[in-house]
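Visitor: My structure file run.cif, mmCIF, C-alpha atoms and all ligand atoms, is below:
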data_final
loop_
_atom_site.label_atom_id
_atom_site.label_comp_id
_atom_site.auth_asym_id
_atom_site.auth_seq_id
_atom_site.Cartn_x
_atom_site.Cartn_y
_atom_site.Cartn_z
CA MET A 74 -7.19 -2.19 -36.97
CA LYS A 75 -10.39 -0.20 -36.94
CA SER A 76 -9.07 2.91 -35.26
CA GLN A 77 -10.42 6.45 -35.16
CA HIS A 78 -8.43 9.36 -36.49
CA VAL A 79 -8.20 12.80 -34.92
CA ASP A 80 -6.79 15.64 -37.01
CA GLY A 81 -4.19 17.99 -35.69
CA GLU A 82 -0.58 18.97 -35.98
CA ASN A 83 1.43 16.07 -37.38
CA ARG A 84 4.59 15.64 -35.34
CA GLU A 85 5.02 12.16 -33.91
CA LYS A 86 3.07 9.05 -34.80
CA ILE A 87 0.72 8.74 -31.84
CA PHE A 88 -1.53 5.75 -31.19
CA LEU A 89 -3.75 5.32 -28.13
CA PHE A 90 -5.23 2.06 -26.86
CA ALA A 91 -8.23 3.08 -24.78
CA LEU A 92 -11.57 2.03 -23.33
CA SER A 93 -14.68 4.08 -24.07
CA THR A 94 -15.66 3.86 -20.39
CA CYS A 95 -12.38 4.79 -18.72
CA GLY A 96 -11.75 8.14 -17.01
CA TRP A 97 -7.96 8.17 -17.37
CA CYS A 98 -8.27 7.31 -21.08
CA LYS A 99 -10.48 10.33 -21.51
CA LYS A 100 -7.88 12.49 -19.79
CA VAL A 101 -5.18 11.32 -22.21
CA ARG A 102 -7.43 12.16 -25.16
CA MET A 103 -8.16 15.59 -23.70
CA LEU A 104 -4.45 16.21 -23.22
CA LEU A 105 -3.66 15.27 -26.83
CA GLU A 106 -6.49 17.43 -28.06
CA ASN A 107 -5.40 20.40 -25.96
CA LEU A 108 -1.94 20.01 -27.47
CA GLY A 109 -3.62 20.03 -30.88
CA LEU A 110 -1.81 16.92 -32.08
CA GLU A 111 -2.84 14.46 -34.76
CA TYR A 112 -3.42 10.95 -33.38
CA ASP A 113 -5.29 7.69 -33.76
CA TYR A 114 -7.12 5.82 -31.03
CA ILE A 115 -9.02 2.60 -30.62
CA TYR A 116 -11.70 1.76 -28.06
CA VAL A 117 -10.93 -1.90 -27.43
CA ASP A 118 -14.07 -2.48 -25.34
CA LEU A 119 -16.24 -1.64 -28.35
CA LEU A 120 -14.59 -4.32 -30.51
CA GLU A 121 -15.77 -7.89 -30.73
CA GLY A 122 -14.38 -11.23 -31.80
CA ALA A 123 -11.39 -11.27 -34.14
CA GLU A 124 -11.14 -7.49 -34.16
CA ARG A 125 -10.81 -7.37 -30.40
CA ASP A 126 -8.28 -10.23 -30.38
CA GLU A 127 -6.18 -8.41 -32.96
CA ALA A 128 -6.15 -5.19 -30.95
CA VAL A 129 -5.33 -7.07 -27.72
CA GLU A 130 -2.41 -8.88 -29.41
CA GLU A 131 -1.11 -5.56 -30.71
CA LEU A 132 -1.33 -4.05 -27.22
CA ARG A 133 0.36 -7.07 -25.63
CA HIS A 134 3.60 -6.25 -27.52
CA CYS A 135 4.19 -3.11 -25.51
CA ASN A 136 2.07 -3.73 -22.42
CA PRO A 137 1.66 -7.42 -21.48
CA GLN A 138 -0.60 -6.50 -18.59
CA LEU A 139 -3.12 -5.21 -21.12
CA SER A 140 -4.03 -2.11 -19.16
CA PHE A 141 -5.51 1.17 -20.37
CA PRO A 142 -4.74 3.82 -21.43
CA THR A 143 -1.60 2.80 -23.30
CA LEU A 144 -0.04 5.39 -25.56
CA VAL A 145 2.41 4.30 -28.25
CA ILE A 146 4.64 6.91 -29.80
CA ASN A 147 6.40 6.22 -33.13
CA ASP A 148 5.68 2.49 -32.75
CA GLU A 149 8.32 2.19 -30.04
CA LYS A 150 7.81 4.29 -26.95
CA CYS A 151 5.04 3.09 -24.70
CA ILE A 152 3.46 5.09 -21.88
CA VAL A 153 1.02 3.25 -19.63
CA GLY A 154 -1.56 5.20 -17.65
CA TYR A 155 -2.32 8.90 -17.56
CA ASN A 156 1.13 10.22 -16.80
CA LYS A 157 0.98 13.82 -17.92
CA SER A 158 4.62 14.72 -17.43
CA LYS A 159 5.87 11.58 -19.18
CA ILE A 160 3.53 12.16 -22.10
CA MET A 161 4.51 15.83 -22.41
CA GLU A 162 8.19 14.91 -22.26
CA ALA A 163 7.83 12.25 -24.96
CA LEU A 164 5.95 14.61 -27.23
CA GLU A 165 8.22 17.61 -26.90
CA MET B 698 -20.34 -3.49 -30.03
CA SER B 699 -22.93 -0.81 -30.57
CA ASP B 700 -23.55 1.49 -27.69
CA SER B 701 -27.26 1.10 -27.32
CA PHE B 702 -27.17 1.62 -23.57
CA SER B 703 -27.86 5.26 -23.08
CA ILE B 704 -28.02 6.13 -19.44
CA THR B 705 -29.97 9.19 -18.34
CA ASP B 706 -28.55 11.90 -16.10
CA ASP B 707 -31.19 11.05 -13.50
CA GLU B 708 -30.04 7.44 -13.32
CA VAL B 709 -26.46 8.59 -12.83
CA ASP B 710 -27.49 11.11 -10.15
CA ASP B 711 -29.48 8.49 -8.24
CA TYR B 712 -26.61 6.01 -8.39
CA TYR B 713 -24.20 8.71 -7.22
CA GLU B 714 -26.33 9.69 -4.23
CA LYS B 715 -26.85 6.08 -3.19
CA LEU B 716 -23.21 5.08 -3.55
CA LYS B 717 -21.94 8.19 -1.82
CA LYS B 718 -24.16 7.53 1.18
CA GLU B 719 -23.11 3.89 1.32
CA ALA B 720 -19.44 4.70 0.92
CA GLU B 721 -19.44 7.25 3.73
CA ALA B 722 -21.38 4.89 6.01
CA TYR B 723 -18.73 2.19 5.59
CA GLY B 724 -15.65 4.36 5.86
CA TYR B 725 -14.96 4.89 2.15
CA HIS B 726 -14.93 8.11 0.15
CA LEU B 727 -15.95 8.84 -3.41
CA ASN B 728 -13.73 11.14 -5.44
CA ARG B 729 -14.85 14.72 -4.86
CA ASP B 730 -14.41 15.62 -8.53
CA VAL B 731 -18.11 15.11 -9.17
CA GLU B 732 -17.91 15.30 -12.97
CA PHE B 733 -15.14 12.68 -13.14
CA THR B 734 -16.94 10.48 -10.60
CA LYS B 735 -20.29 10.67 -12.37
CA ASP B 736 -18.62 9.79 -15.68
CA LEU B 737 -17.27 6.63 -14.04
CA LEU B 738 -20.65 5.77 -12.57
CA ARG B 739 -22.30 6.25 -15.96
CA SER B 740 -19.70 3.85 -17.37
CA ILE B 741 -20.43 1.24 -14.70
CA LEU B 742 -24.13 1.47 -15.58
CA ILE B 743 -23.25 1.11 -19.29
CA ASN B 744 -21.23 -2.00 -18.45
CA LYS B 745 -24.14 -3.40 -16.43
CA GLY B 746 -26.29 -3.07 -19.53
CA ARG B 747 -23.62 -4.49 -21.83
CA TYR B 748 -22.38 -7.41 -19.77
CA GLY B 749 -25.04 -7.93 -17.12
CA TYR B 750 -22.61 -6.96 -14.34
CA GLY B 751 -20.97 -3.69 -13.32
CA ALA B 752 -17.46 -4.34 -14.60
CA CYS B 753 -14.72 -1.86 -13.73
CA PRO B 754 -14.85 0.94 -16.34
CA CYS B 755 -11.04 1.17 -16.59
CA ARG B 756 -10.42 -2.50 -17.34
CA LEU B 757 -11.24 -4.64 -20.35
CA ALA B 758 -14.11 -6.93 -19.34
CA SER B 759 -14.32 -10.34 -20.99
CA GLY B 760 -18.09 -10.47 -20.98
CA ARG B 761 -17.88 -13.70 -18.96
CA ARG B 762 -18.95 -13.02 -15.40
CA GLU B 763 -16.96 -15.84 -13.77
CA GLU B 764 -13.75 -14.52 -15.36
CA ASP B 765 -14.47 -10.98 -14.24
CA LEU B 766 -15.64 -11.52 -10.64
CA ASP B 767 -12.49 -9.78 -9.40
CA ILE B 768 -13.28 -6.59 -11.37
CA ILE B 769 -16.95 -6.14 -10.56
CA CYS B 770 -17.12 -2.77 -8.83
CA PRO B 771 -16.08 -2.55 -6.02
CA CYS B 772 -13.22 -4.72 -7.29
CA ASP B 773 -10.93 -7.00 -5.24
CA TYR B 774 -8.12 -4.47 -5.75
CA ARG B 775 -9.78 -1.38 -4.31
CA ASP B 776 -8.70 -1.78 -0.69
CA PRO B 777 -5.03 -2.63 -1.32
CA ASP B 778 -4.84 0.25 -3.80
CA LEU B 779 -6.39 2.64 -1.28
CA SER B 780 -3.73 1.54 1.23
CA ASP B 781 -0.81 1.80 -1.20
CA TYR B 782 -1.85 4.64 -3.53
CA ASP B 783 -4.71 6.47 -1.78
CA ALA B 784 -7.13 5.69 -4.59
CA CYS B 785 -8.66 2.82 -6.48
CA TYR B 786 -7.41 2.14 -10.00
CA CYS B 787 -10.16 4.20 -11.68
CA GLY B 788 -10.02 7.03 -9.16
CA LEU B 789 -13.62 6.46 -8.07
CA TYR B 790 -12.72 5.79 -4.43
CA VAL B 791 -10.10 7.90 -2.67
CA SER B 792 -8.47 7.96 0.75
CA GLY B 793 -9.13 10.49 3.49
CA ALA B 794 -5.79 12.13 2.68
CA ILE B 795 -6.91 12.85 -0.90
CA LEU B 796 -10.33 13.95 0.26
CA ARG B 797 -8.75 16.47 2.62
CA GLY B 798 -6.44 17.70 -0.14
CA GLU B 799 -3.26 16.47 1.58
CA LYS B 800 -2.44 14.26 -1.39
CA LYS B 801 -3.19 14.53 -5.08
CA LEU B 802 -5.04 11.95 -7.12
CA LYS B 803 -3.02 10.39 -9.90
CA SER B 804 -3.19 7.46 -12.25
CA ILE B 805 -1.78 4.37 -10.47
CA PRO B 806 -0.25 1.09 -11.69
CA GLU B 807 -2.52 -1.84 -12.52
CA ARG B 808 -2.58 -4.43 -9.74
CA ARG B 809 -4.76 -7.00 -11.47
CA PRO B 810 -2.50 -9.82 -12.72
CA SER B 811 -2.19 -10.37 -16.48
CA PRO B 812 -4.52 -12.98 -18.02
CA GLU B 813 -1.71 -15.60 -17.93
CA ASP B 814 -0.94 -14.92 -14.27
CA ARG B 815 -4.62 -15.06 -13.37
CA LYS B 816 -4.79 -18.54 -14.83
CA LYS B 817 -1.72 -19.63 -12.86
CA ILE B 818 -3.13 -18.25 -9.61
CA LYS B 819 -6.44 -20.01 -10.20
CA ASN B 820 -4.72 -23.34 -10.74
CA ALA B 821 -2.54 -22.86 -7.67
CA ILE B 822 -5.62 -22.22 -5.53
CA LYS B 823 -7.26 -25.34 -6.91
CA SER B 824 -4.30 -27.50 -5.95
CA GLU B 825 -4.28 -26.01 -2.46
CA ALA B 826 -7.92 -26.88 -1.94
CA GLY B 827 -8.40 -30.00 0.10
CA VAL B 828 -5.92 -29.01 2.79
CA ILE B 829 -7.47 -30.44 5.91
CA SER B 830 -8.34 -28.00 8.60
CA SER B 831 -8.90 -29.01 12.21
CA LEU B 832 -11.37 -26.19 12.82
CA PRO B 833 -14.99 -27.14 13.43
CA LEU B 834 -16.12 -24.75 10.66
CA PRO B 835 -14.51 -23.30 7.56
CA VAL B 836 -13.60 -19.61 7.62
CA TRP B 837 -14.75 -17.50 4.66
CA ARG B 838 -13.20 -14.22 3.62
CA CYS B 839 -14.82 -11.45 1.59
CA LYS B 840 -12.27 -10.62 -1.11
CA VAL B 841 -13.56 -7.08 -1.37
CA CYS B 842 -13.49 -5.86 2.23
CA GLY B 843 -11.76 -8.65 4.20
CA TYR B 844 -14.77 -9.56 6.37
CA LEU B 845 -14.28 -13.00 7.96
CA CYS B 846 -16.88 -15.44 9.19
CA ALA B 847 -16.84 -19.06 10.37
CA ARG B 848 -19.86 -20.94 9.06
CA GLU B 849 -20.73 -23.75 6.65
CA GLU B 850 -21.24 -21.43 3.67
CA PRO B 851 -20.45 -17.76 3.07
CA PRO B 852 -23.40 -15.39 3.55
CA GLU B 853 -25.57 -14.56 0.57
CA ILE B 854 -24.51 -10.92 0.80
CA CYS B 855 -21.50 -9.55 2.65
CA PRO B 856 -22.92 -7.81 5.74
CA ILE B 857 -20.15 -5.21 5.54
CA CYS B 858 -19.69 -4.23 1.90
CA LYS B 859 -22.80 -5.83 0.37
CA VAL B 860 -21.14 -7.77 -2.44
CA GLY B 861 -22.55 -11.20 -3.34
CA ARG B 862 -21.58 -14.66 -2.08
CA GLU B 863 -19.47 -15.40 -5.18
CA ARG B 864 -16.93 -12.80 -4.01
CA PHE B 865 -15.98 -14.88 -0.93
CA GLU B 866 -13.05 -17.26 -0.76
CA ARG B 867 -12.31 -20.08 1.65
CA PHE B 868 -9.73 -18.57 4.01
CA ILE B 869 -9.07 -21.44 6.43
S1 LIG C 901 -13.35 0.14 -7.09
FE1 LIG C 901 -12.44 1.56 -8.55
S2 LIG C 901 -10.91 0.35 -9.65
FE2 LIG C 901 -12.26 -1.09 -8.61
S3 LIG C 901 -13.87 -1.56 -10.10
FE3 LIG C 901 -14.65 0.13 -8.90
S4 LIG C 901 -14.06 1.93 -10.06
FE4 LIG C 901 -12.78 0.26 -10.88
#
Let me see the structure of the file written as structure tokens.
Guide:
Amino acid sequence: MKSQHVDGENREKIFLFALSTCGWCKKVRMLLENLGLEYDYIYVDLLEGAERDEAVEELRHCNPQLSFPTLVINDEKCIVGYNKSKIMEALE
Amino acid sequence: MSDSFSITDDEVDDYYEKLKKEAEAYGYHLNRDVEFTKDLLRSILINKGRYGYGACPCRLASGRREEDLDIICPCDYRDPDLSDYDACYCGLYVSGAILRGEKKLKSIPERRPSPEDRKKIKNAIKSEAGVISSLPLPVWRCKVCGYLCAREEPPEICPICKVGRERFERFI
């Protein structure tokens, strides 16, 4: 998938499904950046055609409702929405 | 999709002033975090340019208007979310309790059904259509604000919340 990489401290594998237009998605990105963590993100609304379908299928695995932001930690733990305490807890 | 829709600060400010006035006049409140709110409004304007309609900035629009009628801002889910969670999904509209600082704004669960469930609901409504009513006129309901009217066709624009005719459903 055509994701963007953000450099930082490498602790957990962090992947964020986001929309470029969404306020809560931006808050999750700001939180990760304030924590100084390395992560990858993808803006699904900016994808088209097969690329978008692929990202949506990937997201469906952990969040069938296909809502944003969805944060996936180490390919297994999934946090839907901007839930600061849950995110902090998972990344501690 | 390239982001060729750059929206100026003036456009966002105008939209903000207009929407704020409208919201207050009809008993709604915009989020008082002006920076957050203006970011959302900029995003709605970007979506208008991209898709031709102001799709909800926090949901993935399909690009097909008829599939996204329920998420054109103000979406069909705003009022139930204001009742249950004191804010709309994006946090653009908030309740009086949040405005007064009695409650805090937080990210809320998504109420819009999944794509599969939306299909099921659509089919169920289709099969319900045709139920004979003994009323002299059909009753139409605005899915955004709940306004009801008994007339042959829904109005062109909802007199209460100003959304278009396509947002009405046959109620009785
Ligand atoms: S009312 Fe809120 S949740 Fe609904 S479309 Fe507008 S910004 Fe999104």
Visitor: Check which residues fall inside 7 Å of ligand LIG 901 (chain C) when counting all atoms listed in the file, and print them as a list in words.
Guide: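 Checking all atoms listed in the file against ligand LIG 901 (chain C) at 7 Å gives Leu737, Ala752, Cys753, Pro754, Cys755, Ile768, Ile769, Cys770, Pro771, Cys772, Asp773, Tyr774, Arg775, Cys785, Tyr786, Cys787, Gly788, Leu789 and Tyr790 of chain B.
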Visitor: Tell me the residues of chain B close to chain A, meaning within 8 Å using all atoms listed in the file, as a list in words.
Guide: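 Selected residues: Met698, Ser699, Asp700, Phe733, Asp736, Leu737, Ser740, Ile741, Pro754, Cys755, Arg756, Leu757, Ala758, Cys787, Lys803, Ser804, Ile805, Pro806, Glu807, Pro810, Ser811 and Pro812 of chain B.
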Visitor: For Leu105 of chain A, please output as a list in words all residues within 10 Å (counting only C-alpha atoms; exclusion window: fewer than 6 positions along the same chain).
Guide: Val79, Gly81, Ile87, Lys99, Glu111, Tyr112, Ile160, Met161 and Leu164 of chain A
Visitor: As JSON, please: the centre and edge lengths in Å, to one decimal, of an axis-aligned box enclosing every listed atom of segment 140-156 of chain A with 6 Å added on each side.
Guide:
{"center_x": 1.4, "center_y": 4.1, "center_z": -25.0, "size_x": 25.8, "size_y": 24.3, "size_z": 28.3}
Visitor: Kindly give the distance, in Å, that separates atom CA of Arg809 of chain B and atom CA of Asp783 of chain B, rounded to a single decimal.
Guide: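 Distance reported for this atom pair: 16.6 Å.
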Visitor: Find the residues around segment 848-865 of chain B up to 6 Å (all atoms listed in the file counted), leave out those fewer than 5 positions away in its own chain, and share them as a short mmCIF file (atom, residue, chain, number, x, y, z; two decimals) with C-alpha atoms, in the frame of the given file.
Guide:
data_model
loop_
_atom_site.label_atom_id
_atom_site.label_comp_id
_atom_site.auth_asym_id
_atom_site.auth_seq_id
_atom_site.Cartn_x
_atom_site.Cartn_y
_atom_site.Cartn_z
CA LEU B 834 -16.12 -24.75 10.66
CA TRP B 837 -14.75 -17.50 4.66
CA ARG B 838 -13.20 -14.22 3.62
CA CYS B 839 -14.82 -11.45 1.59
CA LYS B 840 -12.27 -10.62 -1.11
#
Visitor: So how far away is atom CA of Glu149 of chain A from atom CA of Ala163 of chain A, in Å?
Guide: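 So the answer is 11.3 Å.
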Visitor: What lies within 12 Å of Lys800 of chain B using all atoms listed in the file, ignoring chain neighbours under 4 positions off, as a list in words?
Guide: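 Listed by chain and then number, they are Tyr782, Asp783, Ala784, Val791, Ser792, Gly793, Ala794, Ile795 and Leu796 of chain B.
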Visitor: For those residues, write C-alpha atoms to a file as a short mmCIF file (atom, residue, chain, number, x, y, z; two decimals), in the coordinates of the input.
Guide:
data_model
loop_
_atom_site.label_atom_id
_atom_site.label_comp_id
_atom_site.auth_asym_id
_atom_site.auth_seq_id
_atom_site.Cartn_x
_atom_site.Cartn_y
_atom_site.Cartn_z
CA TYR B 782 -1.85 4.64 -3.53
CA ASP B 783 -4.71 6.47 -1.78
CA ALA B 784 -7.13 5.69 -4.59
CA VAL B 791 -10.10 7.90 -2.67
CA SER B 792 -8.47 7.96 0.75
CA GLY B 793 -9.13 10.49 3.49
CA ALA B 794 -5.79 12.13 2.68
CA ILE B 795 -6.91 12.85 -0.90
CA LEU B 796 -10.33 13.95 0.26
#
Visitor: Return the single residue from B:Val731, B:Ile704, B:Ala720, B:Ala847 that is closest to Arg747 of chain B, with distances computed using all atoms listed in the file.
Guide: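 Of B:Val731, B:Ile704, B:Ala720, B:Ala847, the one nearest Arg747 of chain B is B:Ile704, counting all atoms listed in the file.
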Visitor: In Å, how far is it from atom CA of Ser703 of chain B to atom CA of Ile743 of chain B?
Guide: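 Between these atoms lies a distance of 7.3 Å.
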